[in-house]
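A.B. asks: Can you keep this structure in mind? I'll have questions shortly.
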Amino acid sequence: MTVSISGPGEPITLDIAAPFAPTRMPTTRRYLMCPPTYFTVEYAINPWMDPTRPTSTSLAVEQWTALKETYERLGHRVDVIDPIPGLPDMVFSANSGTVIDGRVLGSRFRAPQRAAEADHFRRWFLASGYSSVVMPTAVNEAEGDFTWTGSLLLAGTGFRTDPHAHSEAQEVLGVPVVSLQLVDPRFYHLDVALFMLDDQSPNPLVAYYPEAFSPGSQAVLRRLFPDAVIANDDDAVCLGLNAVSDGKHVVMPVEATHLAEQVALRGFEPVLVDISELRKSGGGPKCCTMELRG
């Protein structure tokens, strides 16, 4: 089959022999995003950040706007929280809350530079009608390290989120939690090493980069997801796994062409976006996107 991949500039067309790819059905999602009005790189809290490297706030806003408009074009609702001066990483809204069935577990950042973000999101949830909002006691970087599969919560640790936050998430959100150990500092959050392709099926499907995980966690992932899409190093280092899927459309960085081919072979439709300016802070489409479930 021929797959046309949407992206900036001219469309990319891939000829892929996938005669038995299943038909995928999207589900409408609701996201929370924060404009990068004050985006810059003025400190380094992950290996991607270099304060000596020039950044363009205007380009970050342009790329973020295109990402938001992509979600809206695909039929999803996007809520927006106001950015706060002095919080340049607030654009990465996924790190500030985990929402399942309308219950909210907030965040507690490891880096002091981001600590103030958590309360701004807490107040947004309360003002938006969420009645069950709990702020964590352990370091917890929310959807940066928590991935909902539709039946259980995959929980990363090793660099940011404290392992004690995993049991706290289980108590607050009332869902089973599976802990995964991250071992490569480039992939400091779970959401740059793994993402959900299909969280609606009885057999959830993920894509992940095995080398980002400890041997034991790799074994767990193989057991849980024997049919997973396996990313290679090129996919991982462009943050190709920092992607967002609605069950059919997969919004992912434009550089992740190999991974795009792999997900297209499974019947998904890759939608490539340029998020290169925000990647200077270690973020991609998923980092900019918190999902509001329920």
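If you're wondering about the labels, chains in the structure tokens are A, B, ... by order shown, residues count from 1 in each chain, ligands from 1 in order shown.
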Run DSSP on the backbone and give me the residues of segment 60-190 of chain A it puts in helix (DSSP H, G or I), as an MDAnalysis selection string.

C.D. replies: chainID A and resid 60:73 93:96 112:114 117:127 142:144 164:173 185:187 190

A.B. asks: List as a list in words the protein and nucleic acid residues near Pro163 of chain A, meaning an atom at most 9 Å away when only C-alpha atoms are counted, but skip any in the same chain fewer than 3 places from it.

C.D. replies: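 Non-adjacent residues within range: Ala138, Val139, Asn140, Ala155, Gly156, Thr157, Gly158, His166, Ser167 and Ser179 of chain A.
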
A.B. asks: Smallest atom-to-atom distance to Ala212 of chain A: which of A:Ala115, A:Ala193, A:Val229, A:Ala60, using only C-alpha atoms?

C.D. replies: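 Counting only C-alpha atoms, the residue closest to Ala212 of chain A is A:Ala193.
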
A.B. asks: Suppose you want the space between atom CA of Pro215 of chain A and atom CA of Val237 of chain A; what is it in Å?

C.D. replies: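 A separation of 20.0 Å between them.
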
A.B. asks: Give the answer as one residue: which of A:Phe125, A:Tyr209, A:Phe159, A:Trp64 has the shortest atom-to-atom distance to Lys286 of chain A, using only C-alpha atoms?

C.D. replies: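 Looking at the shortest contact to Lys286 of chain A, the residue is A:Trp64.
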
A.B. asks: Counting only C-alpha atoms, which residue out of A:Leu197, A:Ala111, A:Ile84, A:Met135 sits closest to Asp246 of chain A?

C.D. replies: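 Among A:Leu197, A:Ala111, A:Ile84, A:Met135, it is A:Leu197 that comes nearest to Asp246 of chain A.
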
A.B. asks: Can you list, as a PyMOL selection string, every protein, DNA or RNA residue that comes within 9 Å of Ser214 of chain A when you count only C-alpha atoms, leaving out same-chain residues fewer than 2 positions away?

C.D. replies: chain A and resi 180-184+210-212+216-219

A.B. asks: Taking the DSSP secondary structure from the backbone, can you list the residues of segment 1-123 of chain A that are strand (DSSP E or B), as a count of residues only?

C.D. replies: 24

A.B. asks: Quick one: residues within 10 Å of Val273 of chain A, only C-alpha atoms, excluding same-chain residues fewer than 6 positions away - as a list in words?

C.D. replies: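 Neighbouring residues, sequence-local ones excluded: Ser6, Gly7, Pro8, Gln63, Trp64, Ala66, Leu67, Thr70, Val251, Met252, Pro253, Val254, Glu255, Ala256, Gly284 and Pro285 of chain A.
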
A.B. asks: One decimal, Å: what's the distance from atom CA of Gly106 of chain A over to atom CA of Thr27 of chain A, could you say?

C.D. replies: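 Calculated distance between atom CA of Gly106 of chain A and atom CA of Thr27 of chain A is 24.8 Å.
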
A.B. asks: With only C-alpha atoms as the basis for distance, which of A:Trp148, A:Phe109, A:Tyr31, A:Tyr130 is at the shortest distance from Thr161 of chain A?

C.D. replies: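 Ranking A:Trp148, A:Phe109, A:Tyr31, A:Tyr130 by distance to Thr161 of chain A, first place goes to A:Phe109.
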
A.B. asks: Which is closer to Arg110 of chain A than all the others in A:Val133, A:Leu173, A:Asn46, A:Ser56, using only C-alpha atoms?

C.D. replies: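 So, comparing all the options, the nearest one is A:Asn46.
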
A.B. asks: So how many Å separate atom CA of Leu74 of chain A and atom CA of Ser281 of chain A, to one decimal?

C.D. replies: 26.4 Å
